[in-house]
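Undergrad: Pasting entry_5.cif here (mmCIF, C-alpha atoms):
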```cif
data_work
loop_
_atom_site.label_atom_id
_atom_site.label_comp_id
_atom_site.auth_asym_id
_atom_site.auth_seq_id
_atom_site.Cartn_x
_atom_site.Cartn_y
_atom_site.Cartn_z
CA MET A 1 135.26 128.39 78.18
CA SER A 2 135.93 127.04 81.65
CA MET A 3 136.41 129.22 84.67
CA THR A 4 140.15 128.54 84.80
CA GLU A 5 140.48 129.61 81.15
CA LYS A 6 138.83 132.99 81.61
CA LYS A 7 141.11 135.92 80.98
CA LYS A 8 141.91 138.38 83.69
CA PRO A 9 140.50 141.91 83.44
CA SER A 10 142.82 144.45 81.89
CA GLU A 11 142.60 146.87 84.82
CA PRO A 12 145.27 146.11 87.47
CA ASP A 13 142.87 146.20 90.42
CA ALA A 14 139.81 144.63 88.79
CA ARG A 15 140.81 141.00 89.35
CA ALA A 16 141.59 141.51 93.01
CA ASP A 17 138.22 143.15 93.58
CA TRP A 18 136.01 140.86 91.47
CA THR A 19 134.70 138.78 94.33
CA GLN A 20 133.44 141.95 95.98
CA GLN A 21 132.29 143.79 92.85
CA VAL A 22 129.91 140.99 91.95
CA TRP A 23 127.69 142.15 94.82
CA LEU A 24 127.33 145.55 93.14
CA TRP A 25 125.89 144.03 89.95
CA PRO A 26 122.36 145.48 90.09
CA LEU A 27 123.66 149.01 90.52
CA GLU A 28 126.39 148.82 87.90
CA ALA A 29 123.92 147.28 85.48
CA SER A 30 121.50 150.11 86.19
CA ARG A 31 124.20 152.69 85.44
CA LEU A 32 124.83 151.09 82.07
CA ALA A 33 121.12 150.51 81.55
CA LEU A 34 120.41 154.22 81.46
CA HIS A 35 121.72 154.29 77.87
CA THR A 36 122.17 150.76 76.55
CA TYR A 37 120.25 148.14 78.52
CA ALA A 38 116.95 148.40 76.64
CA GLN A 39 118.56 147.67 73.27
CA TRP A 40 120.78 144.94 74.74
CA PHE A 41 117.82 143.27 76.43
CA ALA A 42 115.77 143.35 73.22
CA ASP A 43 118.59 141.65 71.30
CA GLN A 44 118.87 138.69 73.67
CA LYS A 45 117.91 135.28 72.33
CA PRO A 46 116.51 132.44 74.44
CA GLU A 47 119.23 130.43 76.13
CA PRO A 48 119.56 126.72 75.32
CA SER A 49 118.54 124.16 77.92
CA ARG A 50 120.94 123.75 80.80
CA ALA A 51 123.71 121.22 80.33
CA PRO A 52 123.90 118.35 82.82
CA ASP A 53 126.68 120.09 84.82
CA GLN A 54 124.38 123.09 85.30
CA ARG A 55 121.85 121.22 87.41
CA PRO A 56 121.07 123.01 90.70
CA LEU A 57 123.88 122.57 93.18
CA GLY A 58 123.17 120.38 96.16
CA TRP A 59 123.57 121.61 99.71
CA THR A 60 126.69 120.65 101.65
CA THR A 61 125.16 119.89 105.04
CA PRO A 62 122.27 117.39 105.41
CA ASN A 63 118.94 119.19 105.79
CA VAL A 64 115.22 118.91 105.24
CA VAL A 65 112.71 121.41 103.84
CA ARG A 66 110.57 122.36 106.81
CA LEU A 67 108.28 124.84 105.07
CA GLN A 68 107.55 125.89 101.48
CA LEU A 69 106.33 129.42 100.77
CA PRO A 70 106.20 131.31 97.45
CA SER A 71 109.22 133.35 98.51
CA MET A 72 111.31 130.64 100.18
CA ARG A 73 112.03 127.08 101.16
CA LEU A 74 112.82 126.95 104.86
CA ARG A 75 115.67 124.45 105.29
CA GLU A 76 116.35 122.86 108.67
CA PHE A 77 119.87 121.77 109.64
CA SER A 78 119.39 120.13 113.01
CA ARG A 79 121.30 117.47 114.88
CA GLY A 80 120.99 116.11 118.39
CA ILE A 81 119.24 117.85 121.24
CA SER A 82 120.07 121.39 122.32
CA ALA A 83 118.78 123.67 125.04
CA GLN A 84 119.81 126.68 122.94
CA PRO A 85 117.17 128.58 120.92
CA PRO A 86 117.10 127.87 117.18
CA LEU A 87 119.28 129.97 114.90
CA LEU A 88 118.15 131.32 111.53
CA ILE A 89 120.65 132.48 108.89
CA CYS A 90 119.12 135.15 106.65
CA ALA A 91 121.15 135.15 103.41
CA PRO A 92 120.96 138.14 101.05
CA TYR A 93 118.24 138.12 98.42
CA ALA A 94 120.47 139.34 95.61
CA LEU A 95 122.31 137.88 92.62
CA HIS A 96 123.09 134.47 94.11
CA GLY A 97 121.15 132.09 96.32
CA ALA A 98 121.31 131.15 99.97
CA LEU A 99 123.85 128.40 99.24
CA ILE A 100 126.42 131.03 100.19
CA ALA A 101 125.69 129.95 103.79
CA ASP A 102 126.55 126.30 103.04
CA PHE A 103 128.86 126.50 100.05
CA ALA A 104 131.22 123.53 100.44
CA PRO A 105 132.97 121.44 103.12
CA GLY A 106 135.33 123.74 104.98
CA HIS A 107 133.57 126.74 103.45
CA SER A 108 130.16 126.43 105.05
CA LEU A 109 128.84 128.80 107.70
CA VAL A 110 126.27 126.17 108.71
CA GLU A 111 129.06 123.65 109.20
CA ALA A 112 131.22 126.13 111.14
CA LEU A 113 128.41 127.00 113.53
CA GLN A 114 127.58 123.33 114.06
CA LYS A 115 131.22 122.63 114.91
CA GLY A 116 130.97 125.49 117.39
CA GLY A 117 128.09 123.78 119.17
CA VAL A 118 125.07 125.43 117.50
CA ASN A 119 122.86 122.47 116.64
CA HIS A 120 119.49 123.83 115.49
CA ILE A 121 120.06 125.94 112.37
CA TYR A 122 117.58 127.11 109.74
CA VAL A 123 118.17 128.84 106.40
CA PRO A 124 115.44 130.45 104.28
CA GLU A 125 116.35 129.59 100.69
CA TRP A 126 115.00 132.57 98.76
CA CYS A 127 113.29 131.58 95.51
CA SER A 128 113.94 133.13 92.14
CA ALA A 129 111.08 135.45 91.26
CA THR A 130 108.43 134.31 88.80
CA PRO A 131 106.16 136.69 86.84
CA GLU A 132 103.48 136.13 89.48
CA MET A 133 105.91 137.45 92.12
CA ARG A 134 106.80 140.72 90.38
CA TYR A 135 104.78 142.84 92.84
CA LEU A 136 106.21 141.28 96.01
CA SER A 137 107.60 143.97 98.32
CA ILE A 138 109.92 144.15 101.31
CA ASP A 139 106.83 143.74 103.48
CA ASN A 140 106.05 140.43 101.76
CA TYR A 141 109.50 139.09 102.59
CA LEU A 142 109.30 140.32 106.17
CA ALA A 143 105.90 138.68 106.55
CA ASP A 144 107.16 135.36 105.18
CA LEU A 145 110.22 135.55 107.42
CA ASN A 146 107.83 136.02 110.32
CA VAL A 147 105.85 132.95 109.25
CA ALA A 148 109.10 130.95 109.11
CA ILE A 149 110.15 132.05 112.59
CA ASP A 150 106.71 131.25 113.98
CA GLU A 151 107.08 127.79 112.41
CA ILE A 152 110.48 127.32 114.07
CA GLY A 153 109.39 128.74 117.40
CA ALA A 154 110.44 132.15 118.72
CA PRO A 155 112.62 133.52 120.10
CA VAL A 156 115.42 132.78 117.64
CA ASP A 157 119.00 133.86 117.21
CA LEU A 158 119.07 135.72 113.90
CA VAL A 159 122.15 135.93 111.64
CA GLY A 160 121.97 138.39 108.72
CA LEU A 161 124.50 138.19 105.88
CA CYS A 162 125.07 141.29 103.72
CA GLN A 163 121.61 142.52 102.63
CA GLY A 164 120.11 139.79 104.76
CA GLY A 165 121.53 141.91 107.59
CA TRP A 166 119.33 144.97 107.11
CA LEU A 167 116.34 142.68 106.64
CA SER A 168 117.17 140.86 109.88
CA LEU A 169 117.65 144.13 111.76
CA VAL A 170 114.34 145.51 110.54
CA TYR A 171 112.68 142.24 111.57
CA ALA A 172 114.24 142.43 115.04
CA ALA A 173 112.94 145.99 115.45
CA ARG A 174 109.48 145.08 114.15
CA PHE A 175 109.14 141.92 116.27
CA PRO A 176 111.40 142.53 119.30
CA GLY A 177 110.05 139.63 121.32
CA LYS A 178 110.94 137.10 118.62
CA VAL A 179 114.71 137.69 118.43
CA ARG A 180 117.03 136.73 121.28
CA ARG A 181 120.39 137.69 119.73
CA LEU A 182 121.38 139.28 116.46
CA VAL A 183 124.49 138.82 114.30
CA LEU A 184 125.06 141.24 111.39
CA ALA A 185 127.88 140.21 109.03
CA GLY A 186 128.95 142.63 106.30
CA ALA A 187 125.53 144.28 106.62
CA PRO A 188 124.73 147.66 105.03
CA VAL A 189 122.47 149.71 107.30
CA ASP A 190 123.60 153.34 107.60
CA VAL A 191 124.70 154.02 104.03
CA SER A 192 125.60 157.63 104.86
CA THR A 193 128.96 156.12 105.74
CA PRO A 194 130.55 155.96 102.26
CA SER A 195 130.96 152.74 100.30
CA GLU A 196 131.12 151.80 96.64
CA LEU A 197 127.54 150.59 96.98
CA SER A 198 126.11 153.77 98.50
CA LYS A 199 128.09 156.08 96.19
CA MET A 200 126.87 154.24 93.12
CA VAL A 201 123.23 154.47 94.18
CA ALA A 202 123.54 158.17 94.96
CA ALA A 203 125.00 158.83 91.50
CA LEU A 204 122.15 157.12 89.63
CA PRO A 205 118.76 158.57 88.75
CA GLN A 206 115.81 156.48 89.89
CA GLN A 207 114.77 156.16 86.24
CA ALA A 208 117.70 153.82 85.62
CA PHE A 209 116.36 151.32 88.14
CA GLU A 210 112.81 151.72 86.87
CA GLN A 211 113.92 151.13 83.28
CA MET A 212 115.52 147.84 84.23
CA VAL A 213 112.30 146.65 85.87
CA GLN A 214 110.16 147.79 82.94
CA GLN A 215 112.34 146.01 80.41
CA GLY A 216 112.00 142.81 82.42
CA ASP A 217 108.19 143.09 82.62
CA GLY A 218 108.38 143.61 86.37
CA ILE A 219 111.26 141.18 87.01
CA VAL A 220 114.98 141.94 87.39
CA SER A 221 116.69 139.05 85.61
CA GLY A 222 119.77 137.74 87.39
CA GLU A 223 120.91 135.78 84.34
CA HIS A 224 120.69 138.79 82.05
CA MET A 225 122.46 140.99 84.54
CA LEU A 226 125.30 138.53 85.01
CA ARG A 227 125.81 138.29 81.25
CA PHE A 228 125.42 142.04 80.82
CA TRP A 229 127.95 142.88 83.50
CA ASN A 230 130.26 139.99 82.53
CA ILE A 231 133.36 140.70 84.62
CA PRO A 232 135.76 137.78 84.14
CA PHE A 233 137.22 136.05 87.16
CA SER A 234 140.12 133.71 87.66
CA GLN A 235 141.41 131.02 89.95
CA GLN A 236 143.04 133.69 92.10
CA ASP A 237 139.66 135.33 92.66
CA VAL A 238 138.19 132.08 93.92
CA GLU A 239 141.22 131.53 96.14
CA ALA A 240 140.73 135.02 97.61
CA ALA A 241 137.05 134.35 98.35
CA LEU A 242 137.67 130.91 99.84
CA GLN A 243 140.96 131.91 101.54
CA ARG A 244 142.91 128.89 100.32
CA SER A 245 145.24 127.82 97.51
CA LEU A 246 143.62 125.80 94.73
CA GLY A 247 146.60 125.31 92.43
CA ASP A 248 147.71 121.84 93.48
CA GLY A 249 145.54 120.02 90.93
CA SER A 250 143.88 117.90 93.62
CA ASP A 251 140.37 116.53 93.30
CA GLU A 252 139.26 118.86 96.09
CA ALA A 253 140.70 121.92 94.32
CA ARG A 254 139.01 120.99 91.03
CA MET A 255 135.73 120.40 92.85
CA LEU A 256 135.85 123.81 94.52
CA LEU A 257 136.72 125.62 91.29
CA ASP A 258 133.92 123.89 89.42
CA ARG A 259 131.44 124.44 92.25
CA TYR A 260 132.30 128.13 92.46
CA GLU A 261 131.81 128.61 88.73
CA ARG A 262 128.46 126.82 88.83
CA TRP A 263 127.40 128.82 91.90
CA ASP A 264 128.28 132.03 90.07
CA ARG A 265 126.07 131.06 87.11
CA ALA A 266 123.10 130.03 89.27
CA THR A 267 121.53 133.48 89.55
CA LEU A 268 118.22 134.59 91.06
CA ASP A 269 115.60 136.86 89.53
CA LEU A 270 114.18 139.59 91.78
CA PRO A 271 110.67 141.05 91.96
CA GLY A 272 110.71 144.53 90.47
CA THR A 273 108.73 146.04 93.35
CA TYR A 274 111.12 144.63 95.95
CA TYR A 275 114.16 145.76 93.95
CA LEU A 276 112.90 149.31 93.54
CA GLU A 277 112.03 149.58 97.24
CA VAL A 278 115.49 148.36 98.27
CA THR A 279 117.39 150.69 95.96
CA ASP A 280 115.26 153.71 96.82
CA GLN A 281 114.27 153.32 100.48
CA VAL A 282 117.23 151.42 101.89
CA PHE A 283 120.13 152.77 99.81
CA ARG A 284 119.06 156.05 98.22
CA GLN A 285 117.01 157.56 101.07
CA ASN A 286 118.72 155.64 103.92
CA LEU A 287 115.34 155.36 105.66
CA ILE A 288 116.32 152.54 108.03
CA ALA A 289 119.16 154.53 109.59
CA LYS A 290 117.08 157.71 109.65
CA GLY A 291 114.26 156.04 111.59
CA ARG A 292 111.74 156.62 108.81
CA PHE A 293 111.40 153.11 107.37
CA ILE A 294 107.90 151.61 107.57
CA ALA A 295 107.77 147.83 108.03
CA LEU A 296 104.41 146.07 108.00
CA GLY A 297 102.60 149.26 108.97
CA ARG A 298 104.94 150.39 111.74
CA ARG A 299 107.81 152.88 111.75
CA ILE A 300 111.11 151.23 112.63
CA ASP A 301 113.18 152.81 115.41
CA LEU A 302 116.52 151.02 115.73
CA ALA A 303 116.99 152.49 119.21
CA GLU A 304 114.31 150.04 120.30
CA VAL A 305 116.57 147.12 119.38
CA ARG A 306 118.05 146.21 122.76
CA VAL A 307 119.05 142.56 122.27
CA PRO A 308 122.71 141.46 122.30
CA VAL A 309 124.28 142.21 118.89
CA PHE A 310 127.47 140.99 117.21
CA LEU A 311 128.81 143.04 114.26
CA LEU A 312 131.24 141.35 111.86
CA ALA A 313 133.09 143.30 109.16
CA GLY A 314 135.78 142.76 106.54
CA ALA A 315 138.80 145.04 106.76
CA ASP A 316 139.16 144.93 102.96
CA ASP A 317 135.44 144.95 102.14
CA ILE A 318 134.54 147.52 99.45
CA VAL A 319 130.85 146.57 99.39
CA VAL A 320 130.22 147.21 103.09
CA PRO A 321 133.38 148.78 104.54
CA ARG A 322 134.26 148.18 108.16
CA ASP A 323 133.32 151.72 109.21
CA GLN A 324 129.87 151.33 107.68
CA ALA A 325 129.32 147.89 109.21
CA PHE A 326 130.34 149.13 112.67
CA ALA A 327 128.35 152.39 112.36
CA THR A 328 125.20 150.34 112.99
CA ALA A 329 126.16 150.15 116.67
CA GLU A 330 125.45 153.87 117.12
CA LEU A 331 121.85 153.41 115.99
CA LEU A 332 120.92 150.62 118.40
CA GLY A 333 119.57 150.64 121.94
CA THR A 334 121.77 147.64 122.86
CA ARG A 335 123.82 148.27 126.01
CA SER A 336 127.58 148.38 125.47
CA ALA A 337 128.20 145.22 127.50
CA TRP A 338 125.97 143.31 125.09
CA LEU A 339 127.61 144.62 121.91
CA GLU A 340 130.49 142.83 120.19
CA ARG A 341 132.54 143.78 117.12
CA ALA A 342 135.02 141.75 115.08
CA SER A 343 136.93 142.49 111.89
CA GLU A 344 138.44 139.92 109.55
CA PRO A 345 141.36 140.75 107.19
CA CYS A 346 139.35 139.90 104.09
CA GLY A 347 136.86 141.09 101.50
CA HIS A 348 133.11 140.68 101.35
CA LEU A 349 132.52 137.12 100.18
CA SER A 350 135.24 135.74 102.42
CA LEU A 351 133.19 136.77 105.45
CA PHE A 352 130.69 134.06 104.56
CA MET A 353 132.72 131.33 102.84
CA GLY A 354 136.39 132.04 103.61
CA ARG A 355 138.10 129.24 105.51
CA LYS A 356 140.04 131.55 107.82
CA ALA A 357 137.03 133.76 108.67
CA LEU A 358 134.86 130.71 109.40
CA ASN A 359 137.49 129.19 111.67
CA HIS A 360 138.16 132.43 113.51
CA SER A 361 135.37 134.98 113.87
CA TRP A 362 132.52 132.55 113.31
CA TRP A 363 133.94 130.22 115.94
CA ARG A 364 133.95 133.24 118.24
CA ILE A 365 130.35 134.03 117.27
CA ALA A 366 129.29 130.44 118.01
CA ARG A 367 130.77 130.78 121.49
CA TRP A 368 129.10 134.19 121.93
CA LEU A 369 125.73 132.73 121.03
CA GLN A 370 126.11 130.22 123.84
CA ALA A 371 127.57 132.60 126.44
CA ASP A 372 125.70 134.05 129.39
CA ILE A 373 125.09 137.53 128.01
CA GLY A 374 123.31 138.50 131.22
CA ASP A 375 126.77 138.64 132.76
CA ALA A 376 128.79 141.44 131.18
CA ALA A 377 131.99 139.46 131.63
CA GLY A 378 130.41 136.41 130.03
CA ALA A 379 129.42 138.43 126.99
CA ARG A 380 133.05 139.06 126.12
CA ILE A 381 134.42 136.09 124.22
CA SER A 382 138.08 136.46 123.42
CA ALA A 383 139.26 135.92 119.86
#
```
Please re-express this file's structure in structure tokens.
TA:
Amino acid sequence: MSMTEKKKPSEPDARADWTQQVWLWPLEASRLALHTYAQWFADQKPEPSRAPDQRPLGWTTPNVVRLQLPSMRLREFSRGISAQPPLLICAPYALHGALIADFAPGHSLVEALQKGGVNHIYVPEWCSATPEMRYLSIDNYLADLNVAIDEIGAPVDLVGLCQGGWLSLVYAARFPGKVRRLVLAGAPVDVSTPSELSKMVAALPQQAFEQMVQQGDGIVSGEHMLRFWNIPFSQQDVEAALQRSLGDGSDEARMLLDRYERWDRATLDLPGTYYLEVTDQVFRQNLIAKGRFIALGRRIDLAEVRVPVFLLAGADDIVVPRDQAFATAELLGTRSAWLERASEPCGHLSLFMGRKALNHSWWRIARWLQADIGDAAGARISA
């Protein structure tokens, strides 16, 4: 059944929230897993080989692979000569891949930043976990991110999307001399500020998460979780995420609908160790916000982060609500003149691929990255 033929959920609000709920998949699956996942997993049969239209999606913006590590492929999107430091976009390591940063023409964060004058951009493309990677931890991903930034040449401007945000913030605190400016978009940090994500974690016993990892022999399977959760979505959901109408039957509209469906199916597997650390230390215990998180042998104190920071939130985001996204500011040592906030009238995914958000707040962020932050007046870029 094609994406446009999928039925809408029966609940009145489910369709409108699908594009945000998809980011809660590991937690919702864990809730269900407590009673049913083991039997469901055991009943699964091997999937047939991928059809031709399920080949990996290509990237939108021309790029080259600069570095290959077990955890990532570091992609370089560079053009021309620029005096500005390089910028690295840290996408979330969750259900879907880093293509969220370069989804399609007109819906690409890389493209939007390039149009705004940012010419040296890098994206770590996180790799789906193999059995050999099942013991990789948060420290492993921080260490590989550090290798990537050393390869690029520090200091960098660091942009963290969703869960790539807390990883970027921890990195900036752990290696303060290697980050010049920091952008956190829809990033969960202080989960004591309520959200659907934090409430769900708090309601679950740790055994539910551990059971999922055990059933996957140390790997959390993205494909199994997507099929297990199986919330249908419709054309309207894609239109909400991309912030545009797709009902005119044009070639472009058909391309975007097909690309979105294929992107949704192209899931990533996660190392069990990493997954358990994230759910327990980041979301259940809130260690980053409490100043008790240990990264590569050192306790992280967010008050030591003093670089210019831009916080971007979605007014209708249920995954990382605006209050939670903006609460990060209270934890930082960044002076008020170097701190910017912006809110877009959209949900979670639209922050990264929505046409209106890219043309508005991300244009503003591109200008902010190039402004003279040493001058308090220059740090303020009007919307």
Undergrad: Could you give me, as a tab-separated table, a per-residue list for region 247-329 of chain A showing, wherever an atom lies at most 10 Å from an atom of region 202-215 of chain A, the closest pair of atoms and their distance in Å to one decimal, using all atoms listed in the file and sorting by chain then residue number from low to high?
TA:
```
residue	atom	partner	partner_atom	distance
A:Leu270	CA	A:Val213	CA	9.4
A:Pro271	CA	A:Val213	CA	8.4
A:Gly272	CA	A:Val213	CA	5.3
A:Thr273	CA	A:Val213	CA	8.3
A:Tyr275	CA	A:Phe209	CA	8.3
A:Leu276	CA	A:Phe209	CA	6.7
A:Thr279	CA	A:Phe209	CA	7.9
A:Asp280	CA	A:Gln206	CA	7.5
A:Phe283	CA	A:Ala202	CA	8.0
A:Arg284	CA	A:Ala202	CA	5.9
A:Gln285	CA	A:Ala202	CA	9.0
```
Undergrad: Could you turn the residues from that selection into a file that holds C-alpha atoms, as a PDB file, keeping the file's coordinate frame?
TA:
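Result file is again17.pdb:
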```pdb
ATOM      1  CA  LEU A 270     114.180 139.590  91.780  1.00  0.00           C
ATOM      2  CA  PRO A 271     110.670 141.050  91.960  1.00  0.00           C
ATOM      3  CA  GLY A 272     110.710 144.530  90.470  1.00  0.00           C
ATOM      4  CA  THR A 273     108.730 146.040  93.350  1.00  0.00           C
ATOM      5  CA  TYR A 275     114.160 145.760  93.950  1.00  0.00           C
ATOM      6  CA  LEU A 276     112.900 149.310  93.540  1.00  0.00           C
ATOM      7  CA  THR A 279     117.390 150.690  95.960  1.00  0.00           C
ATOM      8  CA  ASP A 280     115.260 153.710  96.820  1.00  0.00           C
ATOM      9  CA  PHE A 283     120.130 152.770  99.810  1.00  0.00           C
ATOM     10  CA  ARG A 284     119.060 156.050  98.220  1.00  0.00           C
ATOM     11  CA  GLN A 285     117.010 157.560 101.070  1.00  0.00           C
TER      12      GLN A 285
END
```
Undergrad: Given the choices A:Trp363, A:Phe233, A:Tyr171, A:Tyr260, which gets closest to Ile100 (chain A) if the distance is worked out from all atoms listed in the file?
TA: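 Among A:Trp363, A:Phe233, A:Tyr171, A:Tyr260, it is A:Tyr260 that comes nearest to Ile100 (chain A).
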Undergrad: Can you spell out as a ChimeraX atom specification the set of residues that the PyMOL selection byres ((chain A and resi 343) around 7) selects in the structure I just provided?
TA: /A:312-315,341-342,344-345
Undergrad: Using all atoms listed in the file, which residues sit within 8 Å of Pro308 (chain A) once same-chain residues fewer than 6 positions away are excluded, as a ChimeraX atom specification?
TA: /A:180-182,334-335,338-339,373
Undergrad: Going by the chain IDs and residue numbers used in this file, which residues fall under the PyMOL selection byres ((chain A and resi 198) around 10)? Write them as a list of chain:residue names.
TA: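 On the file shown, the PyMOL selection byres ((chain A and resi 198) around 10) covers A:Leu24, A:Leu27, A:Pro188, A:Asp190, A:Val191, A:Ser192, A:Thr193, A:Pro194, A:Ser195, A:Glu196, A:Leu197, A:Lys199, A:Met200, A:Val201, A:Ala202, A:Ala203, A:Thr279, A:Val282, A:Phe283, A:Arg284, A:Asn286, A:Val319, A:Val320.
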Undergrad: Around all listed atoms of region 301-320 of chain A, padded 3 Å per side, what centre and edge lengths does the axis-aligned box have in Å to one decimal, as lines of an AutoDock Vina configuration file?
TA:
```
center_x = 126.2
center_y = 146.9
center_z = 111.1
size_x = 32.0
size_y = 17.8
size_z = 29.4
```
Undergrad: Counting all atoms listed in the file, which of A:Tyr141, A:Val179, A:Glu132, A:Trp126 gets nearest to Leu88 (chain A)?
TA: A:Val179
